[in-house]
>>> print(open('data.cif').read())   # mmCIF, C-alpha atoms
data_run
#
loop_
_atom_site.label_atom_id
_atom_site.label_comp_id
_atom_site.auth_asym_id
_atom_site.auth_seq_id
_atom_site.Cartn_x
_atom_site.Cartn_y
_atom_site.Cartn_z
CA MET A 1 4.62 -11.08 -25.67
CA LEU A 2 7.50 -12.89 -24.03
CA GLU A 3 6.61 -14.73 -20.83
CA MET A 4 9.71 -14.65 -18.66
CA PRO A 5 10.33 -15.82 -15.09
CA GLY A 6 10.33 -12.34 -13.62
CA MET A 7 7.02 -11.35 -15.16
CA ILE A 8 3.58 -11.78 -13.76
CA SER A 9 1.27 -13.43 -16.21
CA SER A 10 -1.49 -11.09 -17.40
CA GLY A 11 -3.83 -14.08 -17.45
CA SER A 12 -4.00 -14.03 -13.66
CA SER A 13 -6.03 -10.78 -13.55
CA VAL A 14 -9.42 -12.53 -13.73
CA GLU A 15 -8.53 -14.77 -10.84
CA ASP A 16 -7.23 -11.82 -8.86
CA GLN A 17 -10.54 -10.07 -9.30
CA GLU A 18 -12.34 -13.11 -8.01
CA LEU A 19 -10.03 -13.36 -5.01
CA VAL A 20 -10.67 -9.70 -4.20
CA SER A 21 -14.41 -10.34 -4.42
CA ARG A 22 -14.11 -13.35 -2.14
CA ALA A 23 -12.04 -11.42 0.38
CA LEU A 24 -14.66 -8.68 0.39
CA GLY A 25 -17.40 -11.26 0.66
CA GLY A 26 -16.10 -12.46 4.03
CA GLU A 27 -13.27 -14.81 3.05
CA PRO A 28 -10.08 -13.04 4.17
CA GLU A 29 -8.05 -16.15 3.29
CA ALA A 30 -8.57 -15.20 -0.37
CA PHE A 31 -6.40 -12.16 0.28
CA GLY A 32 -3.74 -14.55 1.56
CA ILE A 33 -3.55 -16.08 -1.93
CA LEU A 34 -3.00 -12.60 -3.36
CA VAL A 35 -0.21 -12.08 -0.83
CA GLU A 36 1.40 -15.35 -1.89
CA ARG A 37 1.08 -14.34 -5.51
CA TYR A 38 2.54 -10.85 -5.26
CA ASP A 39 4.68 -10.58 -2.13
CA ARG A 40 7.87 -11.32 -4.01
CA ALA A 41 7.13 -8.82 -6.78
CA VAL A 42 6.11 -6.14 -4.28
CA TYR A 43 9.27 -6.73 -2.28
CA HIS A 44 11.30 -6.61 -5.48
CA LEU A 45 9.84 -3.24 -6.46
CA ALA A 46 10.35 -1.89 -2.93
CA TYR A 47 13.92 -3.15 -2.80
CA ARG A 48 14.79 -1.75 -6.21
CA THR A 49 13.38 1.65 -5.23
CA MET A 50 14.67 1.83 -1.65
CA ARG A 51 17.92 -0.15 -2.06
CA ASP A 52 17.64 -1.27 1.53
CA VAL A 53 16.51 -4.71 2.70
CA GLU A 54 14.87 -3.56 5.95
CA GLU A 55 13.07 -0.63 4.39
CA ALA A 56 11.93 -2.79 1.47
CA ARG A 57 10.54 -5.29 3.96
CA ASP A 58 8.67 -2.54 5.84
CA VAL A 59 7.32 -1.08 2.59
CA ALA A 60 6.08 -4.49 1.43
CA GLN A 61 4.26 -5.02 4.73
CA GLU A 62 2.82 -1.51 4.67
CA ALA A 63 1.65 -1.90 1.06
CA PHE A 64 -0.25 -5.11 1.74
CA PHE A 65 -1.70 -3.73 4.95
CA LYS A 66 -2.98 -0.65 3.12
CA ALA A 67 -4.29 -2.79 0.27
CA PHE A 68 -6.15 -5.04 2.71
CA ARG A 69 -7.67 -2.10 4.54
CA SER A 70 -8.78 -0.30 1.40
CA LEU A 71 -9.82 -3.34 -0.60
CA ARG A 72 -13.26 -1.80 -1.09
CA THR A 73 -11.76 1.02 -3.13
CA PHE A 74 -10.27 -1.45 -5.63
CA LYS A 75 -12.05 -0.80 -8.91
CA PRO A 76 -13.66 -3.80 -10.60
CA GLY A 77 -11.88 -4.50 -13.88
CA ALA A 78 -8.59 -3.03 -12.71
CA LYS A 79 -5.48 -5.18 -12.33
CA PHE A 80 -4.65 -6.06 -8.74
CA SER A 81 -0.92 -6.08 -9.53
CA THR A 82 -1.07 -2.52 -10.87
CA TRP A 83 -3.02 -1.40 -7.83
CA VAL A 84 -0.71 -2.99 -5.28
CA PHE A 85 2.41 -1.81 -7.15
CA SER A 86 0.98 1.70 -7.10
CA ILE A 87 0.47 1.51 -3.33
CA THR A 88 4.01 0.17 -2.98
CA TYR A 89 5.52 2.87 -5.15
CA HIS A 90 3.75 5.63 -3.22
CA ALA A 91 4.87 4.13 0.09
CA CYS A 92 8.44 4.17 -1.27
CA CYS A 93 8.07 7.81 -2.36
CA ASP A 94 6.82 8.78 1.12
CA ARG A 95 9.77 7.07 2.77
CA LEU A 96 12.28 8.55 0.36
CA ALA A 97 10.85 12.03 0.97
CA ARG A 98 11.02 11.47 4.73
CA ARG A 99 14.56 10.17 4.40
CA LYS A 100 15.58 13.32 2.53
CA ARG A 101 13.79 15.57 5.02
CA TYR A 102 15.31 14.09 8.17
CA SER A 103 18.75 13.31 6.91
CA ASN A 104 21.59 15.42 5.65
CA GLU A 105 22.61 12.55 3.47
CA GLU A 106 22.33 13.28 -0.19
CA PHE A 107 20.60 10.84 -2.49
CA PRO A 108 21.93 11.79 -5.88
CA GLU A 109 20.52 10.35 -9.05
CA ARG A 110 23.27 7.93 -9.69
CA ALA A 111 23.78 7.93 -13.42
CA ASP A 112 27.48 7.50 -12.88
CA GLY A 113 27.42 3.89 -11.74
CA ALA A 114 28.23 4.53 -8.11
CA PRO A 115 28.43 1.31 -6.09
CA GLY A 116 25.30 -0.08 -4.39
CA PRO A 117 25.19 -2.99 -1.93
CA GLU A 118 25.06 -5.59 -4.65
CA SER A 119 27.71 -3.93 -6.72
CA GLN A 120 30.29 -5.02 -4.18
CA ALA A 121 29.82 -8.55 -5.35
CA ILE A 122 32.38 -10.10 -7.59
CA ALA A 123 31.44 -9.86 -11.24
CA GLY A 124 31.25 -12.74 -13.64
CA ASP A 125 27.65 -13.79 -13.52
CA GLU A 126 25.64 -11.98 -16.19
CA ALA A 127 22.51 -11.65 -14.06
CA ARG A 128 24.50 -10.18 -11.22
CA ARG A 129 26.15 -7.78 -13.63
CA LEU A 130 22.77 -6.70 -14.96
CA ARG A 131 21.40 -6.26 -11.43
CA ALA A 132 24.36 -4.11 -10.50
CA ALA A 133 23.83 -2.00 -13.61
CA ILE A 134 20.13 -1.54 -12.76
CA GLU A 135 21.08 -0.55 -9.24
CA ALA A 136 23.43 2.07 -10.60
CA LEU A 137 20.61 3.76 -12.53
CA PRO A 138 19.01 6.99 -11.28
CA GLU A 139 15.90 6.37 -9.16
CA LYS A 140 13.28 7.22 -11.79
CA TYR A 141 14.90 4.95 -14.38
CA ARG A 142 15.48 2.21 -11.85
CA THR A 143 11.81 2.15 -10.88
CA VAL A 144 10.53 2.27 -14.42
CA ILE A 145 12.84 -0.53 -15.55
CA THR A 146 11.81 -2.60 -12.50
CA LEU A 147 8.15 -2.18 -13.39
CA TYR A 148 8.95 -2.96 -17.02
CA HIS A 149 10.51 -6.14 -15.74
CA LEU A 150 7.54 -6.94 -13.46
CA GLN A 151 4.69 -6.02 -15.78
CA GLY A 152 6.17 -6.71 -19.18
CA LYS A 153 5.72 -4.15 -21.91
CA GLN A 154 2.45 -2.83 -20.56
CA TYR A 155 3.23 0.85 -20.68
CA ASP A 156 -0.27 1.87 -19.63
CA GLU A 157 0.00 -0.20 -16.44
CA ILE A 158 3.42 1.26 -15.66
CA ALA A 159 2.06 4.77 -16.28
CA SER A 160 -0.85 4.02 -13.96
CA VAL A 161 1.47 2.83 -11.17
CA LEU A 162 3.77 5.83 -11.43
CA GLY A 163 1.03 8.36 -12.18
CA ILE A 164 2.83 9.73 -15.23
CA PRO A 165 1.85 9.86 -18.94
CA ILE A 166 2.56 6.86 -21.16
CA GLY A 167 4.85 9.00 -23.32
CA THR A 168 7.02 9.77 -20.29
CA VAL A 169 7.15 6.07 -19.40
CA LYS A 170 8.37 5.23 -22.91
CA THR A 171 10.98 7.98 -22.74
CA HIS A 172 12.17 6.81 -19.32
CA ILE A 173 12.43 3.20 -20.49
CA PHE A 174 14.32 4.25 -23.59
CA ARG A 175 16.76 6.30 -21.54
CA ALA A 176 17.05 3.61 -18.88
CA LYS A 177 18.01 1.11 -21.55
CA GLU A 178 20.54 3.54 -22.97
CA HIS A 179 22.05 3.96 -19.51
CA LEU A 180 22.09 0.22 -18.99
CA ARG A 181 23.71 -0.40 -22.35
CA LYS A 182 26.34 2.18 -21.54
CA LEU A 183 27.01 0.69 -18.12
CA LEU A 184 27.12 -2.85 -19.45
CA SER A 185 29.39 -1.98 -22.34
CA GLU A 186 32.01 -0.67 -19.92
CA PRO A 187 34.62 -3.06 -18.57
CA THR A 188 33.25 -5.02 -15.59
CA ALA A 189 35.43 -3.24 -13.05
CA GLU A 190 33.96 0.13 -14.02
CA VAL A 191 30.35 -1.03 -13.51
CA TYR A 192 31.13 -2.35 -10.06
CA GLU A 193 33.42 0.31 -8.73
CA MET B 1 27.48 -10.97 -23.10
CA ASN B 2 26.71 -8.30 -25.65
CA TYR B 3 23.69 -6.10 -24.93
CA GLU B 4 24.06 -3.89 -27.96
CA SER B 5 20.79 -5.07 -29.53
CA ASP B 6 17.55 -3.98 -27.89
CA GLU B 7 16.21 -7.52 -28.07
CA ALA B 8 19.15 -9.02 -26.17
CA LEU B 9 18.88 -6.44 -23.41
CA GLU B 10 15.13 -6.88 -23.19
CA ARG B 11 15.39 -10.65 -23.00
CA ALA B 12 18.01 -10.37 -20.27
CA LEU B 13 15.84 -7.91 -18.33
CA LEU B 14 12.72 -10.01 -18.52
CA ALA B 15 14.63 -13.16 -17.61
CA LEU B 16 16.08 -11.60 -14.47
CA GLU B 17 14.93 -13.41 -11.33
CA LEU B 18 13.09 -11.37 -8.70
CA GLU B 19 14.83 -10.44 -5.48
CA GLU B 20 14.49 -13.06 -2.78
CA PRO B 21 12.37 -11.57 0.04
CA PRO B 22 13.64 -11.92 3.60
CA ALA B 23 12.48 -14.96 5.54
CA GLY B 24 9.24 -14.43 7.38
CA LEU B 25 8.00 -11.58 5.21
CA ARG B 26 4.96 -13.47 4.00
CA SER B 27 3.98 -14.68 7.46
CA SER B 28 4.30 -11.18 8.90
CA ILE B 29 2.13 -9.75 6.10
CA LEU B 30 -0.48 -12.45 6.67
CA ALA B 31 -0.40 -11.85 10.42
CA ALA B 32 -1.00 -8.14 9.86
CA THR B 33 -3.84 -8.66 7.38
CA VAL B 34 -5.66 -11.97 7.03
CA TYR B 35 -5.02 -13.31 10.53
CA ARG B 36 -5.27 -10.00 12.33
CA VAL B 37 -7.69 -10.35 15.22
CA PRO B 38 -10.30 -7.59 14.87
CA MET B 39 -11.21 -5.50 17.90
CA SER B 40 -14.40 -6.93 19.35
CA VAL B 41 -15.44 -3.54 20.76
CA LYS B 42 -15.64 -0.41 18.64
CA PRO B 43 -13.90 2.78 19.88
CA TRP B 44 -17.19 4.70 20.30
CA GLU B 45 -18.52 1.85 22.42
CA ILE B 46 -15.50 2.12 24.72
CA TRP B 47 -16.07 5.89 25.06
CA THR B 48 -19.77 5.42 25.82
CA MET B 49 -19.04 2.79 28.42
CA GLY B 50 -16.39 5.01 30.01
CA VAL B 51 -18.76 8.00 30.25
CA LEU B 52 -21.59 5.86 31.68
CA LEU B 53 -19.21 4.33 34.21
CA ALA B 54 -17.97 7.77 35.29
CA VAL B 55 -21.56 9.03 35.72
CA ALA B 56 -22.47 5.90 37.71
CA VAL B 57 -19.43 6.34 40.00
CA TRP B 58 -20.31 10.01 40.51
CA LEU B 59 -23.93 9.23 41.39
CA ILE B 60 -22.90 6.42 43.76
CA THR B 61 -20.45 8.80 45.48
CA LEU B 62 -23.26 11.31 45.90
CA LEU B 63 -25.59 8.67 47.26
CA VAL B 64 -23.03 7.33 49.72
CA GLY B 65 -21.59 10.69 50.77
CA GLY B 66 -24.68 12.92 51.05
CA GLY B 67 -27.53 10.51 51.49
CA SER B 68 -30.60 10.05 49.30
CA GLU B 69 -31.71 13.69 49.63
CA ASN B 70 -28.52 15.03 48.10
CA PHE B 71 -28.71 12.38 45.38
CA LEU B 72 -32.33 13.21 44.50
CA ARG B 73 -31.58 16.94 44.46
CA THR B 74 -28.70 16.43 42.02
CA VAL B 75 -30.69 14.15 39.72
CA THR B 76 -33.61 16.62 39.73
CA ALA B 77 -31.29 19.53 38.96
CA LEU B 78 -29.72 17.59 36.08
CA THR B 79 -33.12 16.61 34.68
CA ASN B 80 -34.37 20.19 34.90
CA ALA B 81 -31.26 21.51 33.17
CA ALA B 82 -31.63 18.96 30.38
CA TRP B 83 -35.33 19.74 29.98
CA HIS B 84 -34.63 23.48 29.95
CA LEU B 85 -31.98 22.99 27.24
CA VAL B 86 -34.15 20.83 25.00
CA SER B 87 -37.32 22.90 25.41
CA ALA B 88 -35.62 26.15 24.33
CA PRO B 89 -36.98 27.18 20.87
CA ASN B 90 -33.50 27.87 19.48
CA THR B 91 -32.28 24.43 20.51
CA LEU B 92 -35.33 22.79 18.94
CA VAL B 93 -34.74 24.68 15.68
CA TRP B 94 -31.10 23.52 15.55
CA ILE B 95 -32.08 19.92 16.38
CA ALA B 96 -34.67 20.01 13.59
CA LEU B 97 -32.14 21.47 11.13
CA GLY B 98 -29.50 18.90 12.08
CA GLY B 99 -31.98 16.04 11.86
CA SER B 100 -33.26 17.06 8.43
CA ALA B 101 -29.70 17.56 7.11
CA ALA B 102 -28.73 14.09 8.36
CA PHE B 103 -31.89 12.68 6.78
CA TRP B 104 -31.16 14.16 3.35
CA LEU B 105 -27.46 13.31 3.51
CA SER B 106 -28.37 9.69 4.18
CA PHE B 107 -29.75 9.52 0.62
CA LEU B 108 -26.38 10.48 -0.88
CA SER B 109 -23.93 7.73 -1.71
CA LEU B 110 -20.43 9.11 -1.35
CA ALA B 111 -18.70 5.79 -0.68
CA PRO B 112 -16.92 4.09 -3.62
CA ALA B 113 -18.91 1.34 -5.26
CA PRO B 114 -18.03 -1.98 -3.66
CA VAL B 115 -16.66 -4.75 -5.82
CA ARG B 116 -19.40 -7.11 -6.95
CA VAL B 117 -19.31 -10.47 -5.22
CA LEU B 118 -19.33 -13.29 -7.72
CA HIS B 119 -21.46 -16.32 -7.08
CA HIS B 120 -20.66 -19.43 -9.01
CA LYS B 121 -23.24 -21.85 -10.20
CA ARG B 122 -22.44 -25.35 -9.14
#
>>> encode(input="data.cif", output="structure tokens")
Amino acid sequence: MLEMPGMISSGSSVEDQELVSRALGGEPEAFGILVERYDRAVYHLAYRTMRDVEEARDVAQEAFFKAFRSLRTFKPGAKFSTWVFSITYHACCDRLARRKRYSNEEFPERADGAPGPESQAIAGDEARRLRAAIEALPEKYRTVITLYHLQGKQYDEIASVLGIPIGTVKTHIFRAKEHLRKLLSEPTAEVYE
Amino acid sequence: MNYESDEALERALLALELEEPPAGLRSSILAATVYRVPMSVKPWEIWTMGVLLAVAVWLITLLVGGGSENFLRTVTALTNAAWHLVSAPNTLVWIALGGSAAFWLSFLSLAPAPVRVLHHKR
């Protein structure tokens, strides 16, 4: 499997388990190492799902707070990253549901490449272009592609985070890539505007 | 760049840098978790202390206001009422039932299994 900068190495799971055990054994500082290890990824997932810096920040805090409080429920042998991503994703879902309930604002599934905050940026840089294309994806595809990015090709882990079957994850990733390809094949101006 | 091939798109996706979190995020998470000062007194302890304090204030008021006779009469009435309540057969049956249920429930383990603490040999 490719080891890329955005991915979290699967080799860290044993150490994570040990850190959880140490935190439960009366060493809360061990949880601090887990925070250092995953805060950026958790924020990234929250930001990609919420598309709002402040809300992503709140979700990241909430996710770690919940994880710390319910550390005893963490199953031995499970991956800490999957667990904390799952908490993050559910916190995002709660906030999105609340946002829809208390606001008249519509949150359409944006398959049409509508502009997000980043998409205002001037094109040219490939990474920025790709980010803008991801941001233009509908929510379910955006989240699945973000987790694909964070966890590599581990479909079972992605399915576990989202609480959906592996087959659905594969379908979503396939469709997300199709969307991305379509968005990226369009002239730059069309992706950003 | 051309993303027509699956491999090119995948490589670009996996190479994408993560979003930069806002400054202070880590410290605020750590402050809310690892460095959070735990409450030294449990909520039920606060309630118990509050009730005991209220009873003490009430008894002192009785003692000061009505003299020792009034105080003794009140304490005796309270003791009698408590004794009457506890000595009633129905009450005793319910106490016994509650006690035995609590006893048997204490054998059940409904809490999730805690993570095993690893000890390393040095």
>>> closest_residue(input="data.cif", among="A:Leu180, A:Ile87, A:Ala60, A:Ala30", to="Leu130 of chain A", atoms="all atoms listed in the file")
A:Leu180
>>> resolve_selection(input="data.cif", expression="the PyMOL selection byres ((chain B and resi 27-44) around 9)", output="MDAnalysis selection string")
(chainID A and resid 28:32 35 39 60:62 64:65 68:69) or (chainID B and resid 23:26 45:49)
>>> closest_atom_pairs(input="data.cif", of="chain A", to="chain B", cutoff="9 Å", atoms="all atoms listed in the file", output="tab-separated table")
residue	atom	partner	partner_atom	distance
A:Leu2	CA	B:Leu14	CA	8.1
A:Glu3	CA	B:Leu14	CA	8.1
A:Met4	CA	B:Ala15	CA	5.2
A:Pro5	CA	B:Ala15	CA	5.6
A:Gly6	CA	B:Glu17	CA	5.2
A:Met7	CA	B:Leu14	CA	6.8
A:Gln17	CA	B:Val115	CA	8.8
A:Glu18	CA	B:Leu118	CA	7.0
A:Val20	CA	B:Val115	CA	7.9
A:Ser21	CA	B:Val117	CA	5.0
A:Arg22	CA	B:Val117	CA	6.7
A:Leu24	CA	B:Val117	CA	7.5
A:Gly25	CA	B:Val117	CA	6.2
A:Pro28	CA	B:Val34	CA	5.4
A:Glu29	CA	B:Val34	CA	6.1
A:Ala30	CA	B:Val34	CA	8.6
A:Phe31	CA	B:Val34	CA	6.8
A:Gly32	CA	B:Val34	CA	6.3
A:Val35	CA	B:Arg26	CA	7.2
A:Glu36	CA	B:Arg26	CA	7.1
A:Asp39	CA	B:Arg26	CA	6.8
A:Arg40	CA	B:Pro21	CA	6.1
A:Ala41	CA	B:Leu18	CA	6.8
A:Tyr43	CA	B:Pro21	CA	6.2
A:His44	CA	B:Glu19	CA	5.2
A:Leu45	CA	B:Glu19	CA	8.8
A:Tyr47	CA	B:Glu19	CA	7.8
A:Arg48	CA	B:Glu19	CA	8.7
A:Val53	CA	B:Pro22	CA	7.8
A:Glu54	CA	B:Pro22	CA	8.8
A:Ala56	CA	B:Pro21	CA	8.9
A:Arg57	CA	B:Leu25	CA	6.9
A:Ala60	CA	B:Ile29	CA	8.1
A:Gln61	CA	B:Ile29	CA	5.4
A:Glu62	CA	B:Ile29	CA	8.4
A:Phe64	CA	B:Ile29	CA	6.8
A:Phe65	CA	B:Thr33	CA	5.9
A:Phe68	CA	B:Thr33	CA	6.3
A:Arg69	CA	B:Thr33	CA	8.1
A:Leu71	CA	B:Val115	CA	8.7
A:Arg72	CA	B:Pro114	CA	5.4
A:Thr73	CA	B:Pro112	CA	6.0
A:Phe74	CA	B:Val115	CA	7.2
A:Lys75	CA	B:Val115	CA	6.8
A:Pro76	CA	B:Val115	CA	5.7
A:Glu126	CA	B:Met1	CA	7.2
A:Ala127	CA	B:Leu16	CA	6.4
A:Leu130	CA	B:Leu13	CA	7.8
A:Arg131	CA	B:Leu16	CA	8.1
A:Ile145	CA	B:Leu13	CA	8.4
A:Thr146	CA	B:Leu13	CA	8.9
A:Tyr148	CA	B:Leu14	CA	8.1
A:His149	CA	B:Leu14	CA	5.3
A:Leu150	CA	B:Leu14	CA	7.9
A:Gly152	CA	B:Leu14	CA	7.4
A:Lys177	CA	B:Leu9	CA	7.8
A:Leu180	CA	B:Leu9	CA	8.6
A:Arg181	CA	B:Tyr3	CA	6.3
A:Leu184	CA	B:Tyr3	CA	7.2
A:Ser185	CA	B:Tyr3	CA	7.5
>>> closest_residue(input="data.cif", among="A:Leu19, A:Cys93, A:Val42, A:Leu137", to="Ile173 of chain A", atoms="all atoms listed in the file")
A:Leu137
>>> atom_distance(input="data.cif", atom1="atom CA of Lys79 of chain A", atom2="atom CA of Arg175 of chain A")
26.7 Å
>>> axis_aligned_box(input="data.cif", around="segment 44-62 of chain A", padding_each_side="5 Å", output="JSON")
{"center_x": 10.4, "center_y": -2.4, "center_z": -0.3, "size_x": 25.1, "size_y": 18.4, "size_z": 22.4}
>>> residues_around(input="data.cif", residues="Asp94 of chain A", least_positions_apart="6", cutoff="12 Å", atoms="only C-alpha atoms", output="VMD selection string")
chain A and resid 46 49 to 50 55 59 62 to 63 87 to 88 100 to 101
>>> closest_residue(input="data.cif", among="A:Glu27, A:Trp83, A:Asp52, A:His90", to="Gln151 of chain A", atoms="all atoms listed in the file")
A:Trp83
